[in-house]
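Next comes structure_23.txt, a file with compact mmCIF, C-alpha atoms.
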# COMPACT_ATOMS: atom_id res chain seq x y z
CA MET A 264 7.73 -11.73 -18.76
CA ARG A 265 10.56 -13.27 -16.76
CA ARG A 266 10.76 -13.56 -13.02
CA LEU A 267 12.93 -11.04 -11.23
CA ALA A 268 16.59 -11.96 -11.05
CA THR A 269 18.34 -12.14 -7.71
CA ALA A 270 19.20 -8.64 -6.68
CA ARG A 271 22.49 -7.09 -5.77
CA LEU A 272 21.23 -6.32 -2.27
CA VAL A 273 19.84 -9.26 -0.31
CA ALA A 274 18.23 -8.96 3.12
CA ILE A 275 19.91 -10.56 6.09
CA PRO A 276 17.98 -13.26 7.99
CA LEU A 277 15.41 -12.38 10.62
CA ALA A 278 17.67 -13.32 13.47
CA CYS A 279 20.09 -10.63 12.33
CA ALA A 280 17.64 -8.16 10.86
CA LEU A 281 15.40 -7.81 13.89
CA ALA A 282 17.62 -8.83 16.79
CA THR A 283 18.73 -6.35 19.42
CA THR A 284 22.41 -7.10 18.84
CA ALA A 285 24.35 -7.13 15.59
CA CYS A 286 25.14 -10.57 14.11
CA SER A 287 28.37 -9.39 12.48
CA SER A 288 30.07 -8.57 15.74
CA GLY A 289 30.52 -9.96 19.21
CA THR A 290 30.12 -6.48 20.66
CA SER A 291 26.92 -5.00 22.04
CA GLN A 292 26.23 -2.85 18.98
CA LYS A 293 22.45 -2.30 19.04
CA ASP A 294 19.73 -2.06 16.45
CA ASP A 295 18.30 1.44 16.99
CA LEU A 296 15.01 0.55 15.34
CA GLN A 297 14.52 -2.31 17.78
CA ILE A 298 15.18 -0.42 21.00
CA VAL A 299 13.47 2.90 20.25
CA GLN A 300 11.09 3.67 23.12
CA ASN A 301 8.52 5.71 21.21
CA PRO A 302 8.58 4.56 17.58
CA VAL A 303 6.84 6.80 15.08
CA ALA A 304 5.35 5.53 11.84
CA ALA A 305 6.57 7.03 8.58
CA VAL A 306 4.46 9.83 7.13
CA PRO A 307 4.43 11.28 3.62
CA ALA A 308 6.88 14.06 2.87
CA THR A 309 5.18 17.44 2.89
CA ALA A 310 4.61 18.64 -0.65
CA PRO A 311 5.74 22.07 -1.84
CA PRO A 312 3.44 24.29 -3.90
CA VAL A 313 2.84 22.96 -7.42
CA THR A 314 5.14 24.60 -9.96
CA ALA A 315 4.46 22.42 -13.02
CA LYS A 316 1.05 21.84 -14.59
CA PRO A 317 -0.22 18.39 -13.58
CA ALA A 318 -0.18 15.91 -16.44
CA GLY A 319 -3.43 14.54 -17.87
CA SER A 320 -6.81 15.66 -16.55
CA VAL A 321 -7.70 16.90 -13.07
CA PHE A 322 -11.15 16.48 -11.52
CA SER A 323 -12.13 18.45 -8.44
CA THR A 324 -13.32 16.81 -5.21
CA PRO A 325 -15.04 18.40 -2.20
CA GLY A 326 -12.21 17.51 0.17
CA ASN A 327 -8.88 15.79 0.65
CA VAL A 328 -8.49 12.38 -0.99
CA THR A 329 -7.54 9.62 1.47
CA ALA A 330 -7.47 6.59 -0.86
CA VAL A 331 -8.11 5.54 -4.46
CA ALA A 332 -8.75 2.19 -6.13
CA THR A 333 -10.27 0.69 -9.27
CA GLU A 334 -12.43 -2.39 -9.69
CA GLY A 335 -13.79 -3.29 -13.11
CA THR A 336 -15.26 -0.13 -14.62
CA THR A 337 -15.42 1.72 -11.29
CA LEU A 338 -13.01 4.24 -9.81
CA ALA A 339 -13.39 4.57 -6.04
CA VAL A 340 -12.18 7.74 -4.32
CA GLY A 341 -12.14 8.04 -0.54
CA LEU A 342 -12.75 11.53 0.86
CA GLN A 343 -11.88 12.88 4.28
CA THR A 344 -14.72 15.41 4.45
CA PRO A 345 -17.45 14.41 4.25
CA PRO A 346 -16.32 10.85 5.10
CA SER A 347 -17.36 8.94 2.01
CA VAL A 348 -16.35 7.01 -1.08
CA ARG A 349 -17.18 8.45 -4.48
CA LEU A 350 -17.81 5.88 -7.23
CA TYR A 351 -16.94 7.10 -10.73
CA ASP A 352 -17.61 5.38 -14.04
CA LEU A 353 -14.16 4.97 -15.61
CA GLY A 354 -15.79 5.24 -19.03
CA ALA A 355 -17.44 8.57 -18.17
CA LEU A 356 -15.38 10.36 -15.55
CA THR A 357 -17.17 13.67 -16.12
CA ALA A 358 -20.52 12.14 -15.18
CA PRO A 359 -21.72 12.77 -11.58
CA PRO A 360 -20.32 10.08 -9.26
CA LYS A 361 -22.31 8.04 -6.78
CA THR A 362 -21.50 8.96 -3.19
CA VAL A 363 -21.41 6.31 -0.48
CA PRO A 364 -21.34 7.74 3.09
CA LEU A 365 -18.91 6.16 5.56
CA PRO A 366 -18.76 6.19 9.38
CA GLY A 367 -15.32 7.83 9.12
CA PRO A 368 -12.56 8.60 6.60
CA ALA A 369 -11.32 5.64 4.57
CA GLU A 370 -7.66 4.73 4.99
CA ARG A 371 -7.43 2.05 2.30
CA ILE A 372 -9.71 0.72 -0.43
CA THR A 373 -9.04 -2.81 -1.67
CA PRO A 374 -10.86 -4.21 -4.72
CA SER A 375 -12.08 -7.79 -4.37
CA ASP A 376 -14.21 -9.64 -6.95
CA GLY A 377 -16.82 -7.01 -7.75
CA ARG A 378 -16.72 -5.29 -4.37
CA LEU A 379 -14.59 -2.89 -2.37
CA LEU A 380 -13.19 -3.46 1.11
CA VAL A 381 -12.83 -0.07 2.78
CA SER A 382 -10.97 0.19 6.09
CA VAL A 383 -12.28 2.89 8.42
CA PRO A 384 -9.92 2.94 11.45
CA GLY A 385 -11.80 5.57 13.42
CA SER A 386 -15.00 3.54 13.47
CA GLY A 387 -13.74 0.01 14.14
CA LYS A 388 -15.33 -1.13 10.88
CA VAL A 389 -14.60 -2.34 7.38
CA ALA A 390 -17.17 -1.20 4.85
CA GLU A 391 -17.90 -3.76 2.13
CA ILE A 392 -19.28 -1.92 -0.91
CA ALA A 393 -20.99 -3.99 -3.61
CA LEU A 394 -20.51 -2.80 -7.20
CA PRO A 395 -22.02 -1.29 -9.22
CA ALA A 396 -24.97 -0.70 -6.86
CA GLY A 397 -22.90 0.89 -4.11
CA THR A 398 -24.74 -0.89 -1.31
CA VAL A 399 -22.79 -1.11 1.94
CA THR A 400 -22.36 -3.85 4.52
CA GLU A 401 -20.47 -2.79 7.63
CA LEU A 402 -18.20 -5.41 9.18
CA ALA A 403 -17.35 -4.80 12.84
CA VAL A 404 -13.65 -5.24 13.65
CA PRO A 405 -12.57 -4.28 17.21
CA GLY A 406 -9.74 -1.75 17.19
CA LYS A 407 -8.46 0.33 14.27
CA PRO A 408 -8.74 -1.70 11.04
CA SER A 409 -6.13 -0.34 8.62
CA ALA A 410 -6.50 -2.58 5.55
CA ALA A 411 -8.26 -5.71 4.31
CA THR A 412 -7.82 -8.46 1.76
CA THR A 413 -9.41 -11.80 0.96
CA VAL A 414 -8.00 -15.32 1.06
CA GLY A 415 -10.50 -17.84 -0.23
CA ASN A 416 -13.78 -17.28 1.60
CA GLN A 417 -12.11 -15.42 4.44
CA THR A 418 -11.48 -11.70 4.86
CA LEU A 419 -8.23 -10.71 6.55
CA VAL A 420 -8.06 -7.34 8.29
CA SER A 421 -4.94 -5.74 9.71
CA VAL A 422 -5.77 -4.06 13.04
CA ARG A 423 -3.19 -1.41 13.77
CA ASP A 424 -3.58 -0.80 17.50
CA ARG A 425 -4.23 -4.42 18.42
CA LYS A 426 -1.11 -5.53 16.49
CA GLU A 427 -2.93 -8.42 14.87
CA ILE A 428 -4.75 -9.79 11.88
CA ALA A 429 -8.48 -10.39 12.30
CA VAL A 430 -9.81 -13.33 10.29
CA LEU A 431 -13.45 -12.84 9.30
CA ASP A 432 -15.72 -15.69 8.28
CA GLY A 433 -19.26 -14.89 7.20
CA GLY A 434 -18.66 -11.22 7.94
CA LYS A 435 -17.72 -11.79 11.59
CA VAL A 436 -14.38 -12.09 13.37
CA ALA A 437 -13.72 -15.81 13.81
CA ARG A 438 -10.18 -15.55 15.22
CA THR A 439 -7.14 -13.32 15.38
CA ILE A 440 -3.46 -13.79 14.51
CA GLY A 441 -0.84 -11.85 16.44
CA GLY A 442 2.75 -11.87 17.62
CA SER A 443 6.03 -10.03 16.82
CA LEU A 444 4.27 -6.89 15.55
CA TYR A 445 4.54 -3.32 16.78
CA SER A 446 1.63 -2.32 14.54
CA ALA A 447 -0.39 -3.98 11.78
CA ASP A 448 -0.73 -1.40 9.02
CA ASP A 449 -1.47 -3.39 5.87
CA VAL A 450 -2.19 -6.99 4.93
CA LEU A 451 -1.88 -8.32 1.40
CA THR A 452 -1.47 -11.49 -0.58
CA ALA A 453 1.27 -12.16 -3.12
CA GLY A 454 0.80 -15.40 -5.01
CA ASP A 455 -0.39 -17.82 -2.35
CA LYS A 456 1.43 -16.07 0.49
CA THR A 457 0.13 -13.51 2.97
CA VAL A 458 2.23 -10.73 4.52
CA VAL A 459 1.63 -7.90 6.96
CA LEU A 460 3.32 -4.50 6.90
CA ASP A 461 4.50 -3.04 10.21
CA ARG A 462 5.26 0.68 9.91
CA LEU A 463 6.46 1.13 13.49
CA ARG A 464 8.96 -1.67 13.15
CA THR A 465 9.50 -0.71 9.47
CA ALA A 466 9.34 -4.38 8.56
CA LEU A 467 7.45 -6.96 6.53
CA PHE A 468 6.24 -10.20 8.15
CA ALA A 469 4.97 -13.47 6.73
CA VAL A 470 1.59 -14.62 8.01
CA ASP A 471 0.66 -18.29 8.31
CA VAL A 472 -3.12 -18.01 8.05
CA PRO A 473 -3.98 -21.73 8.42
CA GLY A 474 -1.49 -22.06 11.29
CA GLY A 475 -2.68 -18.86 12.92
CA LYS A 476 0.69 -17.21 13.52
CA VAL A 477 2.93 -14.38 12.38
CA GLY A 478 6.10 -15.87 10.99
CA GLU A 479 9.49 -14.60 9.85
CA GLY A 480 10.05 -10.90 9.28
CA LEU A 481 12.54 -8.66 7.53
CA ARG A 482 13.49 -5.04 7.93
CA ALA A 483 11.96 -2.95 5.13
CA GLY A 484 14.20 0.09 4.79
CA GLU A 485 14.31 3.00 7.21
CA GLY A 486 10.71 4.18 7.04
CA VAL A 487 8.32 1.80 5.31
CA ALA A 488 5.22 3.53 3.94
CA ASN A 489 3.06 1.42 1.59
CA ALA A 490 3.12 -1.89 -0.25
CA VAL A 491 1.57 -3.65 -3.23
CA ALA A 492 1.76 -7.16 -4.65
CA ASP A 493 2.99 -7.63 -8.21
CA SER A 494 2.38 -10.41 -10.74
CA PHE A 495 5.63 -12.23 -9.89
CA GLY A 496 4.61 -13.24 -6.38
CA ARG A 497 6.54 -10.36 -4.83
CA VAL A 498 5.74 -7.44 -2.56
CA LEU A 499 6.93 -3.97 -3.58
CA VAL A 500 7.41 -1.51 -0.73
CA THR A 501 8.07 2.24 -0.58
CA ASP A 502 10.58 3.57 1.94
CA VAL A 503 9.70 7.23 2.45
CA LYS A 504 12.48 8.01 4.91
CA ALA A 505 15.40 6.68 2.86
CA GLY A 506 13.76 7.24 -0.52
CA ALA A 507 13.65 3.76 -2.00
CA LEU A 508 11.58 1.12 -3.78
CA ILE A 509 12.16 -2.30 -2.21
CA ALA A 510 11.20 -5.68 -3.69
CA PHE A 511 10.62 -8.77 -1.53
CA SER A 512 10.05 -12.33 -2.63
CA THR A 513 7.55 -14.14 -0.41
CA ASP A 514 8.59 -17.78 -0.81
CA PRO A 515 10.96 -17.47 0.94
CA LEU A 516 10.62 -13.98 2.41
CA LEU A 517 13.75 -12.22 1.16
CA MET A 518 14.69 -8.71 0.12
CA ARG A 519 15.60 -8.93 -3.57
CA GLN A 520 16.10 -5.29 -4.49
CA ARG A 521 16.51 -1.88 -2.94
CA PHE A 522 16.42 0.83 -5.58
CA PRO A 523 16.95 4.54 -4.78
CA VAL A 524 13.89 6.73 -5.39
CA PRO A 525 14.54 10.24 -4.04
CA GLY A 526 11.72 12.72 -3.55
CA GLY A 527 9.65 11.12 -0.80
CA ALA A 528 8.49 7.75 -2.21
CA TYR A 529 5.09 7.09 -0.66
CA GLY A 530 2.05 5.86 -2.60
CA ILE A 531 2.38 2.78 -4.81
CA ALA A 532 0.23 0.92 -7.35
CA TYR A 533 0.90 -1.85 -9.84
CA ASP A 534 -0.07 -2.27 -13.49
CA ALA A 535 -0.04 -6.03 -14.14
CA LYS A 536 -0.53 -5.61 -17.88
CA LYS A 537 2.69 -3.63 -18.30
CA ALA A 538 4.58 -4.77 -15.18
CA LEU A 539 4.87 -1.16 -14.05
CA ALA A 540 5.10 -0.01 -10.45
CA TRP A 541 3.78 3.53 -10.05
CA VAL A 542 5.31 5.43 -7.12
CA THR A 543 4.23 8.87 -5.93
CA LEU A 544 6.90 11.31 -4.75
CA THR A 545 5.12 13.60 -2.33
CA GLY A 546 8.19 15.75 -1.70
CA VAL A 547 8.33 16.90 -5.33
CA ASN A 548 4.72 16.38 -6.55
CA GLN A 549 5.51 13.66 -9.08
CA VAL A 550 4.52 10.13 -10.00
CA VAL A 551 7.03 7.75 -11.57
CA GLY A 552 6.44 4.49 -13.46
CA TYR A 553 9.08 1.77 -13.09
CA ASP A 554 9.36 -1.37 -15.20
CA VAL A 555 10.00 -4.06 -12.56
CA ARG A 556 10.56 -7.12 -14.78
CA GLY A 557 14.35 -7.07 -14.74
CA GLY A 558 17.21 -7.18 -12.28
CA GLU A 559 16.41 -3.66 -11.07
CA PRO A 560 13.59 -1.17 -11.69
CA VAL A 561 13.86 0.89 -14.86
CA GLU A 562 12.19 4.30 -15.01
CA LYS A 563 9.77 4.53 -17.94
CA TYR A 564 7.57 7.51 -17.06
CA ARG A 565 7.69 10.58 -14.84
CA PHE A 566 4.82 13.06 -14.57
CA PRO A 567 4.07 16.19 -12.51
CA THR A 568 1.07 15.75 -10.22
CA VAL A 569 -1.41 17.59 -8.08
CA ARG A 570 -0.09 18.70 -4.69
CA GLN A 571 0.44 16.07 -2.00
CA PRO A 572 -0.08 12.95 -4.17
CA ASN A 573 -0.44 10.49 -1.30
CA SER A 574 -2.50 7.87 -3.15
CA VAL A 575 -2.37 6.23 -6.57
CA THR A 576 -4.11 3.44 -8.47
CA VAL A 577 -4.16 1.98 -12.00
CA ASP A 578 -7.06 1.24 -14.31
CA GLU A 579 -6.07 -2.28 -15.39
CA ALA A 580 -8.12 -2.14 -18.59
CA THR A 581 -6.46 0.99 -20.00
CA SER A 582 -3.31 1.42 -17.84
CA ARG A 583 -4.47 4.93 -16.93
CA VAL A 584 -2.98 6.16 -13.67
CA VAL A 585 -5.14 7.93 -11.08
CA VAL A 586 -3.49 10.09 -8.42
CA GLY A 587 -5.31 11.47 -5.37
CA SER A 588 -4.42 14.77 -3.70
CA ALA A 589 -4.41 14.85 0.10
CA ALA A 590 -4.35 18.66 -0.12
CA GLY A 591 -7.78 19.17 -1.66
CA GLU A 592 -6.64 19.44 -5.28
CA GLY A 593 -8.78 16.54 -6.52
CA ILE A 594 -7.95 13.49 -8.57
CA GLN A 595 -5.66 13.36 -11.58
CA VAL A 596 -6.02 10.91 -14.46
CA ILE A 597 -2.96 10.24 -16.64
CA ALA A 598 -2.84 8.11 -19.78
CA PRO A 599 0.84 7.16 -20.21
Structure re-expressed in structure tokens:
Amino acid sequence: MRRLATARLVAIPLACALATTACSSGTSQKDDLQIVQNPVAAVPATAPPVTAKPAGSVFSTPGNVTAVATEGTTLAVGLQTPPSVRLYDLGALTAPPKTVPLPGPAERITPSDGRLLVSVPGSGKVAEIALPAGTVTELAVPGKPSAATTVGNQTLVSVRDRKEIAVLDGGKVARTIGGSLYSADDVLTAGDKTVVLDRLRTALFAVDVPGGKVGEGLRAGEGVANAVADSFGRVLVTDVKAGALIAFSTDPLLMRQRFPVPGGAYGIAYDAKKALAWVTLTGVNQVVGYDVRGGEPVEKYRFPTVRQPNSVTVDEATSRVVVGSAAGEGIQVIAP
């Protein structure tokens, strides 16, 4: 597979992208996103009633799905009520799952070397679930932890309300990294680089973990929703407000592509085996698979889904796609 070619649309530098005055003019034209007094984070488009039969197989759940992820042979499904994570055997999805109680609803589930890092914003904790046993270790993180990832022996946690990244060593917060953020909504690694997603500022920022600072940032569309790292060292971002899939390189941090995806682009997952980015369209109850190896994404698959498909993940072993309904319609498993 070849690395992504330079895109037709390239992001302007940070000084222009996030400044309060426009760089292209000597006038006082202002950046509305910068000066808004009460910024509101992007939310998924409200789904209409389902009119097409969902593709693949649908499995019922006792409540709304808040997050999905796979690790090895395990499918993890976060539920709003009761707050818990259900652990399914990917080889036997009809078998009864193991239920792991949580102190609150999971916002994001990140797989990490035989375990799951589950952010629980309402409790000020990250639940570390060991697989396949399902044993839980609760990591205290002051504030509202929104996502977690690992870098070496450290665990990085984005803390939304504190506008910072908590760096955990040995399961405890050793230090924090802040600056320039309106909110810290997701943290992820792409290649050897770390970035943080800021939904209020609708931007992506580089994070210098050894140096302990938030670095350069770039505007990420009009209403950034979710992000995932691909196998080319890039970060792929959904823009729910403008309806777009945006690709950023991380070394340096540059916008390489902005591809139109109408229908309320929200959830995103990546299949490294096939270089496919799977994007859920909550406004039309669909999931679309894009080949992201070339100069722009190429649509390869499009399937009808359960209602309100806010979350999506990929089984790396089989390339099956799992979609979670935030409207109580269960999980959907599609084999492209």
Query raised in the report: So which one's closest to Leu451 in chain A, A:Pro374, A:Pro515, A:Gly506, A:Pro525? Using only C-alpha atoms, please.
Result: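 That would be A:Pro374, the residue with the smallest distance to Leu451 in chain A.
You will find CA of Gly454 in chain A at 9.2 Å from CA of Asp514 in chain A.
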Report task. Could you check how far CA of Leu516 in chain A sits from CA of Pro302 in chain A, in Å to one decimal? Result -> 24.0 Å
Report task. Just give me the residues with any atom within 12 Å of (-2.9, 15.1, -10.0), file coordinates, counting only C-alpha atoms, written as a PyMOL selection string. Result -> chain A and resi 313+315-324+328+543-545+548-550+566-576+584-597
Please produce a file of those selected residues containing C-alpha atoms, as a CSV table (one decimal), keeping the file's coordinate frame.
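Saved the output as again.csv:
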chain,number,residue,atom,x,y,z
A,313,VAL,CA,2.8,23.0,-7.4
A,315,ALA,CA,4.5,22.4,-13.0
A,316,LYS,CA,1.0,21.8,-14.6
A,317,PRO,CA,-0.2,18.4,-13.6
A,318,ALA,CA,-0.2,15.9,-16.4
A,319,GLY,CA,-3.4,14.5,-17.9
A,320,SER,CA,-6.8,15.7,-16.6
A,321,VAL,CA,-7.7,16.9,-13.1
A,322,PHE,CA,-11.2,16.5,-11.5
A,323,SER,CA,-12.1,18.4,-8.4
A,324,THR,CA,-13.3,16.8,-5.2
A,328,VAL,CA,-8.5,12.4,-1.0
A,543,THR,CA,4.2,8.9,-5.9
A,544,LEU,CA,6.9,11.3,-4.8
A,545,THR,CA,5.1,13.6,-2.3
A,548,ASN,CA,4.7,16.4,-6.6
A,549,GLN,CA,5.5,13.7,-9.1
A,550,VAL,CA,4.5,10.1,-10.0
A,566,PHE,CA,4.8,13.1,-14.6
A,567,PRO,CA,4.1,16.2,-12.5
A,568,THR,CA,1.1,15.8,-10.2
A,569,VAL,CA,-1.4,17.6,-8.1
A,570,ARG,CA,-0.1,18.7,-4.7
A,571,GLN,CA,0.4,16.1,-2.0
A,572,PRO,CA,-0.1,13.0,-4.2
A,573,ASN,CA,-0.4,10.5,-1.3
A,574,SER,CA,-2.5,7.9,-3.2
A,575,VAL,CA,-2.4,6.2,-6.6
A,576,THR,CA,-4.1,3.4,-8.5
A,584,VAL,CA,-3.0,6.2,-13.7
A,585,VAL,CA,-5.1,7.9,-11.1
A,586,VAL,CA,-3.5,10.1,-8.4
A,587,GLY,CA,-5.3,11.5,-5.4
A,588,SER,CA,-4.4,14.8,-3.7
A,589,ALA,CA,-4.4,14.8,0.1
A,590,ALA,CA,-4.4,18.7,-0.1
A,591,GLY,CA,-7.8,19.2,-1.7
A,592,GLU,CA,-6.6,19.4,-5.3
A,593,GLY,CA,-8.8,16.5,-6.5
A,594,ILE,CA,-8.0,13.5,-8.6
A,595,GLN,CA,-5.7,13.4,-11.6
A,596,VAL,CA,-6.0,10.9,-14.5
A,597,ILE,CA,-3.0,10.2,-16.6
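From CA of Val555 in chain A back to CA of Ala483 in chain A, the distance works out to 17.8 Å.
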Query - Selection near range 361-368 of chain A, 9 Å with only C-alpha atoms, sequence-local residues under 2 positions removed, as a list of chain:residue names - result: A:Thr329, A:Gly341, A:Leu342, A:Gln343, A:Thr344, A:Pro345, A:Pro346, A:Ser347, A:Val348, A:Arg349, A:Leu350, A:Tyr351, A:Pro359, A:Glu370, A:Ser382, A:Val383, A:Pro384, A:Gly385, A:Ser386, A:Lys388, A:Ala390, A:Ile392, A:Gly397, A:Thr398, A:Val399
Query raised in the report: From the set A:Pro307, A:Gly496, A:Gly475, A:Gly558, which residue has the shortest atom-to-atom contact distance to Ser512 in chain A, counting only C-alpha atoms?
Result: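 The closest residue to Ser512 in chain A is A:Gly496.
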Query - Distance query 8 Å from (-5.5, -19.8, 2.6) using all atoms listed in the file, result as a ChimeraX atom specification - result: /A:414-415,455,472-473
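Minimum atom-to-atom distance to Val547 in chain A, evaluated using all atoms listed in the file, belongs to A:Tyr529 out of A:Arg583, A:Pro560, A:Leu499, A:Tyr529.
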Query raised in the report: Given the choices A:Ala305, A:Ile531, A:Leu353, A:Ala429, which gets closest to Thr581 in chain A if the distance is worked out from all atoms listed in the file?
Result: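 For Thr581 in chain A, the nearest of the given residues is A:Leu353.
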As lines of an AutoDock Vina configuration file: centre and edge lengths in Å, one decimal, of the axis-aligned box holding range 506-516 of chain A with 6 Å per side:
center_x = 10.7
center_y = -5.3
center_z = -0.7
size_x = 18.2
size_y = 37.0
size_z = 18.2
Query raised in the report: Any idea what's packed within 9 Å of Lys476 in chain A, counting all atoms listed in the file, ignoring anything in its chain fewer than 6 positions away? Could you give it as a VMD selection string?
Result: chain A and resid 439 to 442 469 to 470
